[in-house]
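The block underneath contains the structure these notes are about, expressed in structure tokens.
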Amino acid sequence: MTAQPGLARYVLALADDALISSQRLGWWISRAPQLEEDVALANIGLDQLGQARQLLAHAGRLEGLGRDEDQLAYFRDERDFRNVCLVERVQDDFGVAMARLLCVSTWQHALYGALAGSTDADLAAIAAKAVKEVAYHLDHARNWVLRLGDGTEFSHARMQAALDAEWPWIEELFDDSWLEPEVLEQGAVVRPSSLREPVLARVLEVLRQATVAPPESPPAVSRGRHGLHTEQLGYLLAEMQHLARSHPGATW
Amino acid sequence: MSAPDEPLWEVFVRSRRGLSHVHAGSLHAPDAEMALRNARDLYTRRQEGVSLWVVPSSAITASSPEEKDAFFDPAADKVYRHPTFYEVPEGVKHL
């Protein structure tokens, strides 16, 4: 395969979104409000991990430097990760987890749906499989946001606060500035800004039904796609990478 | 942590077309829609089913252990209730 570094960077960013989001969801195992939710969040996190593995492996092939999925996941440092800051931030509040999952899965659903028609056959195949998984993640998040938002006075306030925390970070999902123009012109990728309107419309419809409203606050300065992350990513990577780095090449 | 105020639901899974739904277990959920989704996550992770039912446990009326003799013992010696006098054709499943 001829190296396609531009496309490799695009695929790597999507892989990092899935990988870091998966790691954050894993935190909920044993901590969810009920045992049933533990399993549900673990399922969703593992779906995302599966997507991340395929995307990482593909990014490694496109990059042409001989790096496999493990090297990309465990032996890159913070500045080399290209996930949006939205997914890397601590989510130890269940409302935040659901507000974020609603945004991420709505976006991934539109993204993978469009990427299923990519001119890159591998990327199209990965996306076509992932879109079915993500449809369920979206359904799960939507159901919780509806129940918490339109639930008791207390749950409504918590859901609104969660949305206020997440909303400023979603704009980065639609940022084109990190992609070279020649990559954007290819039929292999989906221009991030083209997803803004359909994704926001879908999220806002759920929020309306849930009786919560997005805040007026301006977008956060979020430059994860450029490798500039919040301080919280470092701690996440330390936990995620330490085993592989302490015992390189170990198998079990 | 658990949510004690959430009702209990019984889950029934049909493993494939042509078979009936079989009781798989129970779970907690705030309402029927969430119960169905929890059932999907807990009981069909390994392709166990093609269809799911959830029923509020409170909707089930069960026989009581004290009534066991009156309910079940009289059937013990009624051999004529068993279709043991027929030849079962070979290759018939699910009879």
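Every chain in the structure tokens takes a letter, A first, then B, and so on in the order presented; its residues are numbered from 1, and the ligands are numbered from 1 following the presented order.
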Q) Given a cut-off of 7 Å, which residues of chain A touch chain B, counting only C-alpha atoms, written out as a PyMOL selection string? A) chain A and resi 33-36+39-40
Taking C-alpha atoms for each residue, export the selection above as a PDB file, in the first residue's frame.
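Saved result, selection13.pdb, follows:
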ATOM      1  CA  PRO A  33     -26.186   3.720  39.267  1.00  0.00           C
ATOM      2  CA  GLN A  34     -27.259   0.093  38.803  1.00  0.00           C
ATOM      3  CA  LEU A  35     -25.708  -3.210  37.783  1.00  0.00           C
ATOM      4  CA  GLU A  36     -27.675  -3.216  34.526  1.00  0.00           C
ATOM      5  CA  VAL A  39     -23.052  -3.818  31.726  1.00  0.00           C
ATOM      6  CA  ALA A  40     -24.646  -1.427  29.245  1.00  0.00           C
TER       7      ALA A  40
END
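Omitting region 229-236 of chain A and its sequence neighbours fewer than 4 positions away, and counting only C-alpha atoms, the residues within 10 Å are Ile20, Gln23, Arg24, Asp77, Glu78, Arg79, Asp80, Phe81, Arg82, Asn83, Val84, Cys85, Leu86, Val87, Glu88, Arg89, Val90, Val221, Ser222, Arg223, Gly224, Arg225, Met240 and Gln241 of chain A.
Proximity ranking of A:His137, A:Leu237, A:Pro248, A:His226 relative to Leu179 (chain A) places A:His226 first, based on only C-alpha atoms.
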Q: Have a look at CA of Leu102 (chain A) and CA of Ala141 (chain A) and let me know their distance in Å, one decimal.
A: 5.0 Å
Q.
As an exercise, work out the distance from CA of Phe174 (chain A) to CA of Pro192 (chain A) in Å and give it to one decimal place.
A. 4.5 Å
Region 142-154 of chain A surroundings by only C-alpha atoms, 9 Å radius, close-in-sequence under 2 positions cut, as a JSON list (two decimals) with N, CA and C atoms, in the first residue's frame:
[["chain", "number", "residue", "atom", "x", "y", "z"],
["A", 95, "GLY", "N", -24.95, 12.17, 34.62],
["A", 95, "GLY", "CA", -25.59, 13.08, 33.67],
["A", 95, "GLY", "C", -24.61, 13.55, 32.60],
["A", 98, "MET", "N", -23.98, 10.81, 30.11],
["A", 98, "MET", "CA", -25.06, 10.62, 29.15],
["A", 98, "MET", "C", -25.16, 11.79, 28.18],
["A", 99, "ALA", "N", -24.95, 13.02, 28.66],
["A", 99, "ALA", "CA", -24.97, 14.18, 27.76],
["A", 99, "ALA", "C", -23.86, 14.03, 26.72],
["A", 101, "LEU", "N", -22.34, 11.20, 25.79],
["A", 101, "LEU", "CA", -22.61, 10.06, 24.90],
["A", 101, "LEU", "C", -23.66, 10.44, 23.85],
["A", 102, "LEU", "N", -24.61, 11.24, 24.24],
["A", 102, "LEU", "CA", -25.62, 11.69, 23.26],
["A", 102, "LEU", "C", -24.94, 12.48, 22.13],
["A", 137, "HIS", "N", -25.89, 2.96, 20.79],
["A", 137, "HIS", "CA", -25.33, 3.88, 21.79],
["A", 137, "HIS", "C", -26.19, 5.14, 21.87],
["A", 138, "LEU", "N", -26.57, 5.61, 20.69],
["A", 138, "LEU", "CA", -27.39, 6.82, 20.60],
["A", 138, "LEU", "C", -28.74, 6.60, 21.28],
["A", 139, "ASP", "N", -29.32, 5.45, 21.01],
["A", 139, "ASP", "CA", -30.60, 5.12, 21.62],
["A", 139, "ASP", "C", -30.50, 5.08, 23.15],
["A", 140, "HIS", "N", -29.41, 4.50, 23.63],
["A", 140, "HIS", "CA", -29.20, 4.40, 25.08],
["A", 140, "HIS", "C", -29.07, 5.79, 25.71],
["A", 156, "HIS", "N", -33.72, 16.90, 36.58],
["A", 156, "HIS", "CA", -33.72, 17.92, 35.53],
["A", 156, "HIS", "C", -32.55, 18.90, 35.74],
["A", 157, "ALA", "N", -32.40, 19.35, 36.99],
["A", 157, "ALA", "CA", -31.32, 20.30, 37.28],
["A", 157, "ALA", "C", -29.95, 19.68, 37.01],
["A", 158, "ARG", "N", -29.80, 18.39, 37.38],
["A", 158, "ARG", "CA", -28.52, 17.71, 37.14],
["A", 158, "ARG", "C", -28.26, 17.54, 35.65],
["A", 159, "MET", "N", -29.30, 17.22, 34.89],
["A", 159, "MET", "CA", -29.14, 17.02, 33.44],
["A", 159, "MET", "C", -28.79, 18.35, 32.77],
["A", 160, "GLN", "N", -29.44, 19.42, 33.20],
["A", 160, "GLN", "CA", -29.14, 20.74, 32.63],
["A", 160, "GLN", "C", -27.69, 21.14, 32.94],
["A", 203, "VAL", "N", -29.46, 16.44, 17.94],
["A", 203, "VAL", "CA", -29.24, 16.56, 19.38],
["A", 203, "VAL", "C", -30.27, 17.52, 19.99],
["A", 206, "VAL", "N", -33.65, 16.01, 20.68],
["A", 206, "VAL", "CA", -33.69, 15.20, 21.91],
["A", 206, "VAL", "C", -33.74, 16.12, 23.13],
["A", 207, "LEU", "N", -32.93, 17.18, 23.11],
["A", 207, "LEU", "CA", -32.88, 18.10, 24.25],
["A", 207, "LEU", "C", -34.24, 18.77, 24.45],
["A", 209, "GLN", "N", -37.18, 17.53, 23.71],
["A", 209, "GLN", "CA", -38.08, 16.55, 24.33],
["A", 209, "GLN", "C", -37.72, 16.33, 25.79],
["A", 210, "ALA", "N", -36.44, 16.48, 26.10],
["A", 210, "ALA", "CA", -35.99, 16.26, 27.48],
["A", 210, "ALA", "C", -36.17, 17.51, 28.34],
["A", 211, "THR", "N", -36.72, 18.57, 27.75],
["A", 211, "THR", "CA", -36.97, 19.85, 28.44],
["A", 211, "THR", "C", -35.71, 20.50, 29.00],
["A", 212, "VAL", "N", -34.57, 20.24, 28.35],
["A", 212, "VAL", "CA", -33.35, 20.97, 28.72],
["A", 212, "VAL", "C", -32.92, 21.77, 27.49],
["B", 33, "GLU", "N", -39.47, 0.42, 28.60],
["B", 33, "GLU", "CA", -38.53, 0.67, 27.50],
["B", 33, "GLU", "C", -37.09, 0.43, 27.94],
["B", 34, "MET", "N", -36.77, 0.93, 29.16],
["B", 34, "MET", "CA", -35.41, 0.72, 29.66],
["B", 34, "MET", "C", -35.20, -0.74, 30.04]]
Q. CA of Ala165 (chain A) and CA of Tyr136 (chain A), how far apart in Å?
A. 23.8 Å
Q: Return as a list in words the full set of residues in chain B whose backbone-based DSSP assignment is strand (DSSP E).
A: Leu8, Trp9, Glu10, Val11, Phe12, Val13, Arg14, Val22, His23, Ala24, Gly25, Ser26, Leu27, His28, Ser51, Leu52, Trp53, Val54, Val55 and Pro56 of chain B
**Q.** Nearby residues (only C-alpha atoms) at most 10 Å from region 58-71 of chain B, same-chain spacing under 3 positions excluded, as a VMD selection string
**A.** chain B and resid 7 to 10 55 74 to 75
Q.
Based on the backbone DSSP call, show me all residues of region 36-79 of chain B assigned alpha helix (DSSP H), as a PyMOL selection string.
A. chain B and resi 36-43+68-72
